[in-house]
$ cat structure_0.tsv   # TSV, C-alpha atoms (C1' of nucleotides)
chain	number	residue	atom	x	y	z
X	72	MET	CA	17.16	75.59	59.61
X	73	PRO	CA	15.93	74.85	63.07
X	74	ALA	CA	18.79	75.82	65.39
X	75	PRO	CA	21.91	77.65	64.21
X	76	ALA	CA	25.19	76.76	65.92
X	77	ARG	CA	25.88	79.10	68.80
X	78	THR	CA	29.15	77.56	69.85
X	79	GLY	CA	31.86	75.23	68.60
X	80	ARG	CA	34.54	72.90	69.85
X	81	GLU	CA	37.19	75.60	69.79
X	82	GLN	CA	35.17	77.99	71.93
X	83	ILE	CA	34.30	75.17	74.33
X	84	VAL	CA	37.93	74.19	74.82
X	85	GLU	CA	38.79	77.84	75.39
X	86	ALA	CA	36.12	78.19	78.08
X	87	ALA	CA	37.25	74.95	79.72
X	88	SER	CA	40.84	76.23	79.77
X	89	MET	CA	39.74	79.40	81.53
X	90	LEU	CA	37.86	77.37	84.13
X	91	LEU	CA	40.92	75.19	84.61
X	92	ASP	CA	43.00	78.29	85.29
X	93	GLU	CA	40.47	79.68	87.71
X	94	GLY	CA	39.70	76.63	89.81
X	95	GLY	CA	41.66	73.59	88.72
X	96	ALA	CA	40.49	70.52	86.86
X	97	ASP	CA	37.65	69.91	89.28
X	98	ALA	CA	36.15	73.24	88.28
X	99	VAL	CA	35.86	72.12	84.69
X	100	THR	CA	32.33	70.75	84.90
X	101	MET	CA	30.05	70.46	81.91
X	102	GLN	CA	27.64	72.82	83.62
X	103	ALA	CA	30.28	75.49	84.20
X	104	VAL	CA	31.56	75.21	80.65
X	105	ALA	CA	28.04	75.51	79.29
X	106	ASP	CA	27.38	78.62	81.35
X	107	ARG	CA	30.60	80.14	80.09
X	108	VAL	CA	29.86	79.63	76.42
X	109	GLY	CA	26.22	80.55	76.85
X	110	VAL	CA	24.39	77.32	76.11
X	111	ARG	CA	22.76	74.54	78.13
X	112	SER	CA	24.99	71.67	79.19
X	113	PRO	CA	23.42	68.96	77.00
X	114	SER	CA	24.35	70.98	73.90
X	115	LEU	CA	28.03	70.47	74.67
X	116	TYR	CA	27.74	66.81	73.82
X	117	LYS	CA	27.20	67.73	70.17
X	118	HIS	CA	30.77	69.04	70.11
X	119	VAL	CA	32.54	66.88	72.68
X	120	ARG	CA	32.11	63.18	73.33
X	121	HIS	CA	32.38	63.39	77.11
X	122	ARG	CA	34.16	65.28	79.83
X	123	SER	CA	37.44	63.38	79.53
X	124	ASP	CA	37.53	64.14	75.83
X	125	LEU	CA	37.21	67.82	76.68
X	126	LEU	CA	39.91	67.65	79.35
X	127	ALA	CA	42.28	65.92	76.95
X	128	ALA	CA	41.73	68.72	74.45
X	129	VAL	CA	42.50	71.29	77.13
X	130	VAL	CA	45.76	69.55	77.99
X	131	HIS	CA	46.67	69.30	74.33
X	132	ALA	CA	46.11	73.02	73.83
X	133	ALA	CA	48.22	73.81	76.89
X	134	VAL	CA	51.19	71.74	75.78
X	135	ASP	CA	50.99	73.37	72.36
X	136	GLU	CA	51.15	76.74	74.06
X	137	VAL	CA	54.25	75.67	75.96
X	138	THR	CA	55.86	74.35	72.80
X	139	ASP	CA	55.29	77.61	70.96
X	140	GLY	CA	56.68	79.58	73.89
X	141	LEU	CA	59.84	77.51	74.09
X	142	ALA	CA	60.40	77.68	70.35
X	143	ALA	CA	59.97	81.43	70.40
X	144	VAL	CA	62.63	82.16	73.02
X	145	ARG	CA	65.33	79.77	71.86
X	146	VAL	CA	68.74	81.17	70.98
X	147	ASP	CA	70.20	79.28	68.08
X	148	GLY	CA	73.87	80.11	68.33
X	149	ASP	CA	74.28	80.05	72.11
X	150	ALA	CA	73.48	76.86	74.00
X	151	ARG	CA	73.82	78.36	77.47
X	152	ALA	CA	71.60	81.33	76.67
X	153	SER	CA	69.10	79.03	75.00
X	154	ILE	CA	68.79	76.82	78.07
X	155	VAL	CA	68.32	79.80	80.37
X	156	ALA	CA	65.71	81.33	78.09
X	157	GLN	CA	63.75	78.10	77.84
X	158	VAL	CA	63.56	77.29	81.55
X	159	ASP	CA	62.65	80.92	82.20
X	160	ALA	CA	59.81	80.51	79.72
X	161	MET	CA	58.70	77.34	81.52
X	162	ARG	CA	58.60	79.25	84.77
X	163	ARG	CA	56.63	82.13	83.27
X	164	PHE	CA	54.04	79.73	81.89
X	165	ALA	CA	53.74	77.99	85.25
X	166	ARG	CA	53.17	81.26	87.05
X	167	ALA	CA	50.59	82.39	84.53
X	168	ARG	CA	48.71	79.07	84.38
X	169	PRO	CA	49.63	76.93	87.40
X	170	HIS	CA	46.87	74.37	87.01
X	171	ALA	CA	47.58	73.93	83.31
X	172	TYR	CA	51.27	73.56	84.11
X	173	ALA	CA	50.53	70.83	86.63
X	174	LEU	CA	48.57	68.89	84.01
X	175	VAL	CA	51.26	69.26	81.36
X	176	MET	CA	54.06	68.15	83.64
X	177	GLY	CA	51.99	65.34	85.09
X	178	ALA	CA	52.19	66.45	88.67
X	179	ALA	CA	48.99	64.67	89.63
X	180	PRO	CA	48.89	60.88	89.14
X	181	GLY	CA	45.79	59.73	87.33
X	182	GLN	CA	45.12	62.98	85.50
X	183	PRO	CA	45.02	63.30	81.70
X	184	ARG	CA	48.47	63.36	80.14
X	185	PRO	CA	49.75	64.94	76.96
X	186	THR	CA	50.97	62.53	74.32
X	187	PRO	CA	54.66	61.62	74.31
X	188	GLU	CA	55.00	63.14	70.84
X	189	ALA	CA	53.70	66.47	72.07
X	190	MET	CA	56.13	66.41	74.98
X	191	ARG	CA	59.02	65.56	72.68
X	192	ALA	CA	58.15	68.48	70.44
X	193	SER	CA	58.32	70.79	73.43
X	194	LEU	CA	61.81	69.68	74.31
X	195	ARG	CA	63.26	69.75	70.81
X	196	PHE	CA	65.30	72.91	71.18
X	197	LEU	CA	66.35	72.15	74.72
X	198	LEU	CA	67.74	68.84	73.51
X	199	ALA	CA	69.67	70.65	70.81
X	200	ALA	CA	71.20	72.97	73.39
X	201	THR	CA	72.13	70.27	75.90
X	202	GLY	CA	73.61	68.23	73.09
X	203	GLU	CA	75.94	71.11	72.28
X	204	LEU	CA	77.06	71.45	75.88
X	205	ALA	CA	77.20	67.88	77.14
X	206	GLY	CA	77.90	66.10	73.88
X	207	GLU	CA	75.44	64.06	71.87
X	208	ALA	CA	76.03	60.98	74.00
X	209	HIS	CA	74.66	62.77	77.06
X	210	ALA	CA	72.18	65.14	75.40
X	211	LEU	CA	69.20	63.25	76.80
X	212	ASP	CA	70.62	62.85	80.30
X	213	ALA	CA	71.48	66.53	80.39
X	214	ALA	CA	68.04	67.57	79.16
X	215	ARG	CA	66.48	65.40	81.83
X	216	LEU	CA	68.68	67.06	84.42
X	217	VAL	CA	67.67	70.55	83.33
X	218	VAL	CA	63.97	69.82	83.01
X	219	ALA	CA	63.85	67.87	86.27
X	220	TRP	CA	65.46	70.70	88.20
X	221	ALA	CA	63.30	73.38	86.60
X	222	ASN	CA	60.12	71.38	87.03
X	223	GLY	CA	60.88	70.52	90.64
X	224	PHE	CA	61.76	74.09	91.50
X	225	ILE	CA	58.66	75.48	89.82
X	226	THR	CA	56.36	72.91	91.38
X	227	MET	CA	57.61	73.66	94.86
X	228	GLU	CA	57.52	77.38	94.26
X	229	LEU	CA	53.88	77.19	93.21
X	230	ALA	CA	53.04	75.12	96.27
X	231	ASP	CA	54.95	77.40	98.62
X	232	ALA	CA	57.04	74.43	99.62
X	233	LEU	CA	60.65	75.06	100.52
X	234	GLN	CA	59.46	78.32	102.02
X	235	MET	CA	62.43	78.54	104.28
X	236	GLY	CA	63.43	82.12	103.85
X	237	GLY	CA	65.80	83.65	101.36
X	238	ASP	CA	65.17	85.21	97.98
X	239	ILE	CA	63.38	82.78	95.68
X	240	ASP	CA	64.49	84.46	92.45
X	241	GLU	CA	68.05	84.46	93.68
X	242	ALA	CA	67.75	80.75	94.44
X	243	TRP	CA	66.46	80.19	90.91
X	244	ARG	CA	69.40	82.01	89.32
X	245	TRP	CA	71.93	80.33	91.63
X	246	GLY	CA	70.55	76.90	90.86
X	247	LEU	CA	70.32	77.55	87.14
X	248	ALA	CA	73.94	78.66	86.95
X	249	ARG	CA	75.02	75.49	88.76
X	250	ILE	CA	72.89	73.31	86.52
X	251	VAL	CA	74.29	74.79	83.34
X	252	ALA	CA	77.80	74.42	84.71
X	253	ALA	CA	77.09	70.84	85.74
X	254	ILE	CA	76.21	69.68	82.24
X	255	GLY	CA	79.39	70.96	80.77
X	256	GLY	CA	78.90	74.70	80.47
D	57	MET	CA	27.04	51.25	127.83
D	58	PRO	CA	25.05	51.63	124.70
D	59	ALA	CA	27.58	51.40	121.89
D	60	PRO	CA	31.23	50.47	122.42
D	61	ALA	CA	33.77	52.18	120.20
D	62	ARG	CA	34.53	50.08	117.16
D	63	THR	CA	37.02	52.43	115.60
D	64	GLY	CA	39.17	55.43	116.41
D	65	ARG	CA	40.84	58.37	114.77
D	66	GLU	CA	44.09	56.49	114.24
D	67	GLN	CA	42.42	53.62	112.44
D	68	ILE	CA	40.39	56.05	110.35
D	69	VAL	CA	43.48	57.95	109.22
D	70	GLU	CA	45.15	54.66	108.39
D	71	ALA	CA	42.22	53.55	106.24
D	72	ALA	CA	42.12	56.93	104.51
D	73	SER	CA	45.84	56.66	103.75
D	74	MET	CA	45.31	53.28	102.13
D	75	LEU	CA	42.50	54.67	100.00
D	76	LEU	CA	44.74	57.58	99.00
D	77	ASP	CA	47.40	55.13	97.87
D	78	GLU	CA	44.91	53.07	95.91
D	79	GLY	CA	43.00	55.77	94.10
D	80	GLY	CA	44.25	59.23	94.90
D	81	ALA	CA	42.70	61.94	97.04
D	82	ASP	CA	39.36	61.72	95.21
D	83	ALA	CA	39.03	58.12	96.35
D	84	VAL	CA	39.13	59.18	99.97
D	85	THR	CA	35.39	59.56	100.47
D	86	MET	CA	33.74	59.29	103.84
D	87	GLN	CA	31.76	56.34	102.53
D	88	ALA	CA	34.85	54.46	101.37
D	89	VAL	CA	36.65	55.14	104.64
D	90	ALA	CA	33.65	53.95	106.61
D	91	ASP	CA	33.48	50.72	104.60
D	92	ARG	CA	37.17	50.15	105.19
D	93	VAL	CA	37.03	50.51	108.95
D	94	GLY	CA	33.75	48.62	109.18
D	95	VAL	CA	31.28	51.27	110.32
D	96	ARG	CA	28.64	53.49	108.73
D	97	SER	CA	29.76	56.81	107.38
D	98	PRO	CA	27.96	59.03	109.91
D	99	SER	CA	29.95	57.40	112.72
D	100	LEU	CA	33.15	58.86	111.32
D	101	TYR	CA	32.05	62.35	112.32
D	102	LYS	CA	32.47	61.36	115.97
D	103	HIS	CA	36.21	61.07	115.33
D	104	VAL	CA	36.83	63.58	112.55
D	105	ARG	CA	35.32	67.03	112.10
D	106	HIS	CA	34.92	66.82	108.34
D	107	ARG	CA	36.60	65.43	105.28
D	108	SER	CA	39.26	68.16	105.02
D	109	ASP	CA	40.24	67.50	108.61
D	110	LEU	CA	40.75	63.86	107.72
D	111	LEU	CA	42.75	64.68	104.60
D	112	ALA	CA	44.97	67.04	106.56
D	113	ALA	CA	45.67	64.24	109.03
D	114	VAL	CA	46.58	61.91	106.18
D	115	VAL	CA	49.05	64.44	104.76
D	116	HIS	CA	50.54	65.00	108.19
D	117	ALA	CA	51.09	61.29	108.69
D	118	ALA	CA	52.70	61.02	105.26
D	119	VAL	CA	55.17	63.82	105.85
D	120	ASP	CA	56.06	62.27	109.20
D	121	GLU	CA	56.78	59.03	107.41
D	122	VAL	CA	59.07	60.84	105.00
D	123	THR	CA	60.84	62.63	107.82
D	124	ASP	CA	61.51	59.38	109.66
D	125	GLY	CA	62.79	57.77	106.49
D	126	LEU	CA	65.20	60.59	105.74
D	127	ALA	CA	66.47	60.68	109.32
D	128	ALA	CA	67.04	56.93	109.25
D	129	VAL	CA	69.25	56.87	106.17
D	130	ARG	CA	71.40	59.92	106.88
D	131	VAL	CA	75.15	59.49	107.06
D	132	ASP	CA	76.57	61.78	109.68
D	133	GLY	CA	80.21	61.94	108.73
D	134	ASP	CA	79.89	62.00	104.94
D	135	ALA	CA	77.92	64.82	103.31
D	136	ARG	CA	78.00	63.35	99.79
D	137	ALA	CA	76.84	59.93	100.93
D	138	SER	CA	74.18	61.52	103.08
D	139	ILE	CA	72.73	63.50	100.17
D	140	VAL	CA	72.65	60.43	97.96
D	141	ALA	CA	71.01	58.35	100.65
D	142	GLN	CA	68.33	60.94	101.31
D	143	VAL	CA	67.26	61.57	97.74
D	144	ASP	CA	67.23	57.81	97.18
D	145	ALA	CA	64.90	57.54	100.17
D	146	MET	CA	62.67	60.24	98.69
D	147	ARG	CA	62.48	58.28	95.46
D	148	ARG	CA	61.65	55.03	97.24
D	149	PHE	CA	58.83	56.70	99.12
D	150	ALA	CA	57.46	58.22	95.92
D	151	ARG	CA	57.45	54.86	94.18
D	152	ALA	CA	55.77	53.16	97.12
D	153	ARG	CA	53.16	55.88	97.69
D	154	PRO	CA	52.91	58.11	94.61
D	155	HIS	CA	49.69	59.87	95.57
D	156	ALA	CA	50.93	60.58	99.07
D	157	TYR	CA	54.18	61.88	97.62
D	158	ALA	CA	52.28	64.27	95.35
D	159	LEU	CA	50.42	65.68	98.33
D	160	VAL	CA	53.56	66.10	100.42
D	161	MET	CA	55.49	67.85	97.67
D	162	GLY	CA	52.51	69.97	96.72
D	163	ALA	CA	52.30	68.86	93.14
D	164	ALA	CA	48.60	69.67	92.87
D	165	PRO	CA	47.58	73.30	93.44
D	166	GLY	CA	44.69	73.62	95.84
D	167	GLN	CA	45.28	70.38	97.68
D	168	PRO	CA	45.98	70.15	101.42
D	169	ARG	CA	49.56	71.07	102.30
D	170	PRO	CA	51.79	69.95	105.14
D	171	THR	CA	52.80	72.67	107.57
D	172	PRO	CA	56.07	74.53	106.88
D	173	GLU	CA	57.43	73.25	110.20
D	174	ALA	CA	56.84	69.66	109.15
D	175	MET	CA	58.59	70.30	105.83
D	176	ARG	CA	61.54	71.93	107.55
D	177	ALA	CA	61.90	68.96	109.86
D	178	SER	CA	62.10	66.68	106.83
D	179	LEU	CA	64.95	68.65	105.34
D	180	ARG	CA	66.99	69.05	108.50
D	181	PHE	CA	69.69	66.55	107.68
D	182	LEU	CA	69.81	67.46	104.03
D	183	LEU	CA	70.49	71.06	105.02
D	184	ALA	CA	73.28	69.88	107.28
D	185	ALA	CA	74.87	67.99	104.40
D	186	THR	CA	74.56	70.76	101.83
D	187	GLY	CA	75.97	73.21	104.35
D	188	GLU	CA	79.06	71.05	104.63
D	189	LEU	CA	79.55	70.93	100.89
D	190	ALA	CA	78.49	74.36	99.71
D	191	GLY	CA	79.29	76.36	102.79
D	192	GLU	CA	76.81	77.73	105.28
D	193	ALA	CA	76.15	80.80	103.14
D	194	HIS	CA	74.75	78.61	100.38
D	195	ALA	CA	73.35	75.73	102.42
D	196	LEU	CA	69.77	76.73	101.66
D	197	ASP	CA	70.35	77.40	97.96
D	198	ALA	CA	72.10	74.08	97.64
D	199	ALA	CA	69.37	72.20	99.48
D	200	ARG	CA	66.80	73.80	97.19
D	201	LEU	CA	68.84	72.71	94.20
D	202	VAL	CA	69.03	69.12	95.37
D	203	VAL	CA	65.39	68.84	96.39
D	204	ALA	CA	64.16	70.60	93.26
D	205	TRP	CA	66.06	68.24	90.99
D	206	ALA	CA	65.03	65.13	92.91
D	207	ASN	CA	61.42	66.20	93.13
D	208	GLY	CA	61.24	67.12	89.45
D	209	PHE	CA	62.86	63.89	88.37
D	210	ILE	CA	60.62	61.78	90.57
D	211	THR	CA	57.47	63.61	89.52
D	212	MET	CA	58.21	63.12	85.84
D	213	GLU	CA	59.20	59.51	86.40
D	214	LEU	CA	55.89	58.80	88.10
D	215	ALA	CA	53.99	60.50	85.30
D	216	ASP	CA	55.97	58.71	82.58
D	217	ALA	CA	56.98	62.10	81.25
D	218	LEU	CA	60.39	62.42	79.62
D	219	GLN	CA	59.88	58.86	78.44
D	220	MET	CA	62.27	59.35	75.58
D	221	GLY	CA	64.27	56.19	75.78
D	222	GLY	CA	67.38	55.43	77.77
D	223	ASP	CA	67.81	53.81	81.18
D	224	ILE	CA	65.91	55.77	83.80
D	225	ASP	CA	68.01	54.54	86.73
D	226	GLU	CA	71.14	55.43	84.85
D	227	ALA	CA	69.73	58.93	84.24
D	228	TRP	CA	69.03	59.24	87.95
D	229	ARG	CA	72.57	58.31	88.91
D	230	TRP	CA	74.10	60.52	86.21
D	231	GLY	CA	72.03	63.50	87.30
D	232	LEU	CA	72.67	62.92	90.98
D	233	ALA	CA	76.42	62.82	90.45
D	234	ARG	CA	76.26	66.11	88.55
D	235	ILE	CA	74.10	67.72	91.19
D	236	VAL	CA	76.42	66.74	94.02
D	237	ALA	CA	79.38	67.98	92.02
D	238	ALA	CA	77.58	71.21	91.21
D	239	ILE	CA	77.10	72.20	94.83
D	240	GLY	CA	80.72	71.85	95.67
D	241	GLY	CA	81.32	68.13	96.00
Q	141	DG	C1'	29.50	55.74	119.71
Q	142	DT	C1'	26.81	53.59	116.25
Q	143	DC	C1'	22.90	53.21	113.82
Q	144	DT	C1'	18.84	54.28	110.19
Q	145	DA	C1'	16.98	57.69	107.53
Q	146	DT	C1'	17.34	61.60	105.06
Q	147	DA	C1'	18.30	66.36	103.45
Q	148	DT	C1'	20.82	68.62	99.94
Q	149	DT	C1'	23.71	69.34	96.33
Q	150	DT	C1'	26.09	68.39	92.26
Q	151	DC	C1'	27.64	65.75	88.77
Q	152	DG	C1'	27.73	63.26	83.93
Q	153	DA	C1'	24.90	61.82	80.54
Q	154	DT	C1'	20.56	60.62	77.75
Q	155	DA	C1'	15.73	61.06	75.47
Q	156	DG	C1'	13.01	63.36	72.57
Q	157	DA	C1'	10.65	67.69	70.96
Q	158	DC	C1'	11.57	71.54	67.94
M	11	DG	C1'	22.21	72.11	67.11
M	12	DT	C1'	19.71	73.62	71.04
M	13	DC	C1'	16.37	73.03	74.15
M	14	DT	C1'	13.43	71.07	78.49
M	15	DA	C1'	13.07	67.39	81.39
M	16	DT	C1'	14.98	63.86	83.76
M	17	DC	C1'	17.55	59.77	85.21
M	18	DG	C1'	20.88	57.76	88.22
M	19	DA	C1'	24.82	57.93	90.88
M	20	DA	C1'	27.64	59.74	94.32
M	21	DA	C1'	29.01	62.99	97.57
M	22	DT	C1'	29.06	65.65	102.44
M	23	DA	C1'	26.73	66.23	106.35
M	24	DT	C1'	22.89	66.29	109.96
M	25	DA	C1'	18.87	64.56	113.06
M	26	DG	C1'	17.44	61.65	116.32
M	27	DA	C1'	16.64	56.82	118.15
M	28	DC	C1'	19.10	53.35	120.80
$ encode --input "structure_0.tsv" --output "structure tokens"
Amino acid sequence: MPAPARTGREQIVEAASMLLDEGGADAVTMQAVADRVGVRSPSLYKHVRHRSDLLAAVVHAAVDEVTDGLAAVRVDGDARASIVAQVDAMRRFARARPHAYALVMGAAPGQPRPTPEAMRASLRFLLAATGELAGEAHALDAARLVVAWANGFITMELADALQMGGDIDEAWRWGLARIVAAIGG
Amino acid sequence: MPAPARTGREQIVEAASMLLDEGGADAVTMQAVADRVGVRSPSLYKHVRHRSDLLAAVVHAAVDEVTDGLAAVRVDGDARASIVAQVDAMRRFARARPHAYALVMGAAPGQPRPTPEAMRASLRFLLAATGELAGEAHALDAARLVVAWANGFITMELADALQMGGDIDEAWRWGLARIVAAIGG
DNA sequence: GTCTATATTTCGATAGAC
DNA sequence: GTCTATCGAAATATAGAC
């Protein structure tokens, strides 16, 4: 056997995810990924079709991570507590992996997007909770309200926008309480 | 006189803004800007220090445009109407210039940001309105709530996230009504 | 102030030997 | 499957003539 495999698609996606976290999508170059996994850049093309294929895999892995996190913190018997726990988990993920968060939530037009099915899976338990509070007829509207507020808040927090003084965590809790109340809680 | 001026900083920023709208920040290359204004790329450096200087000017012009738009639609005697008018104006701007909107609201980590003063100026009349509704003690929290929701909704709308069926304009109106009610309206 | 010419770097991707 | 070698494209920016 001439050349044993020294890397694989999984390890490549992992390295690309780290580079995304460290320097954004632009930092995910084939050269940088190759350095990270310890091979020469042409070898990557035996595991990945092209750069966009790799980036799509990175986004897919990130949205899966979010989905698992949201599923893990849900509270089955308490809709209010479940909503709070899930948006808190969103915020934790965003703080830990801001660039990945931006890709998942589609903050940058023209960047790779997760599939609609993957996004739906992420919001499964949030939809259940908002349905309990707002009624099935408005479950979707209410989920959109919650996610929109949380996403907007998190995005601006990461960008240091709305830096107008005041305690940011206090603003988060104040807003969250109002949002939950607004959808029928 | 050896070479009369065929362009100027204002025209260059304008061309760069058009390129931003058409293809995002990555499309704003010195070459593309030069083609657009009708000169060779080295000539641009007589009007602009470097590319980041140009991009910063583009962002500044965009936030000024937003500020003017928000000031124009405000309703002085009616806080609820003023809030609705201003978030509607935000949404119109985002639909007209999605890439510019993303830069202004800081959706992409690592991109050029408007100055805090410019952002504050944009939110002046919104703060006045939320102060009326929520009380001065919570004017800032309430403004953050409104802007966060609007920004999150708009961002996801532009990215086709939360595309889970239902009328998107109806969701906007439903959410907006709840938000205004939530802050004391 | 604009031009030609160019330095320099970096990128994605391919060819072909082993 | 990995490697060396390389192509071709595109980018920012500078030097110096006019």
$ interface_residues --input "structure_0.tsv" --of "chain X" --to "chain M" --cutoff "9 Å" --atoms "all atoms listed in the file" --output "list in words"
Pro73, Ala74, Pro75, Ala76, Arg77, Val110, Arg111, Pro113, Ser114 and Lys117 of chain X
$ atom_distance --input "structure_0.tsv" --atom1 "atom CA of Ala165 of chain X" --atom2 "atom CA of Ile225 of chain X"
7.2 Å
$ residues_around --input "structure_0.tsv" --residues "segment 191-205 of chain D" --least-positions-apart "3" --cutoff "9 Å" --atoms "only C-alpha atoms (C1' of nucleotides)" --output "compact mmCIF listing (two decimals) with C-alpha atoms, in the coordinates of the input"
# COMPACT_ATOMS: atom_id res chain seq x y z
CA LEU X 216 68.68 67.06 84.42
CA VAL X 217 67.67 70.55 83.33
CA VAL X 218 63.97 69.82 83.01
CA ALA X 219 63.85 67.87 86.27
CA TRP X 220 65.46 70.70 88.20
CA ALA X 221 63.30 73.38 86.60
CA ASN X 222 60.12 71.38 87.03
CA GLY X 223 60.88 70.52 90.64
CA PHE X 224 61.76 74.09 91.50
CA ILE X 225 58.66 75.48 89.82
CA THR X 226 56.36 72.91 91.38
CA MET X 227 57.61 73.66 94.86
CA LEU X 233 60.65 75.06 100.52
CA MET X 235 62.43 78.54 104.28
CA GLY X 236 63.43 82.12 103.85
CA GLY X 237 65.80 83.65 101.36
CA GLU X 241 68.05 84.46 93.68
CA ALA X 242 67.75 80.75 94.44
CA TRP X 243 66.46 80.19 90.91
CA TRP X 245 71.93 80.33 91.63
CA GLY X 246 70.55 76.90 90.86
CA LEU X 247 70.32 77.55 87.14
CA ARG X 249 75.02 75.49 88.76
CA ILE X 250 72.89 73.31 86.52
CA ILE D 139 72.73 63.50 100.17
CA VAL D 143 67.26 61.57 97.74
CA LEU D 179 64.95 68.65 105.34
CA LEU D 182 69.81 67.46 104.03
CA LEU D 183 70.49 71.06 105.02
CA ALA D 184 73.28 69.88 107.28
CA ALA D 185 74.87 67.99 104.40
CA THR D 186 74.56 70.76 101.83
CA GLY D 187 75.97 73.21 104.35
CA GLU D 188 79.06 71.05 104.63
CA GLY D 208 61.24 67.12 89.45
CA PHE D 209 62.86 63.89 88.37
CA ILE D 210 60.62 61.78 90.57
CA GLY D 231 72.03 63.50 87.30
CA LEU D 232 72.67 62.92 90.98
CA ILE D 235 74.10 67.72 91.19
CA VAL D 236 76.42 66.74 94.02
CA ALA D 238 77.58 71.21 91.21
CA ILE D 239 77.10 72.20 94.83
CA GLY D 240 80.72 71.85 95.67
$ atom_distance --input "structure_0.tsv" --atom1 "atom CA of Gly94 of chain D" --atom2 "atom C1' of DC143 of chain Q"
12.7 Å
$ residues_near_point --input "structure_0.tsv" --point "(59.7, 71.0, 70.8)" --cutoff "12 Å" --atoms "all atoms listed in the file" --output "list in words"
Val134, Asp135, Glu136, Val137, Thr138, Asp139, Gly140, Leu141, Ala142, Ala143, Val144, Arg145, Gln157, Pro187, Glu188, Ala189, Met190, Arg191, Ala192, Ser193, Leu194, Arg195, Phe196, Leu197, Leu198, Ala199 and Ala200 of chain X
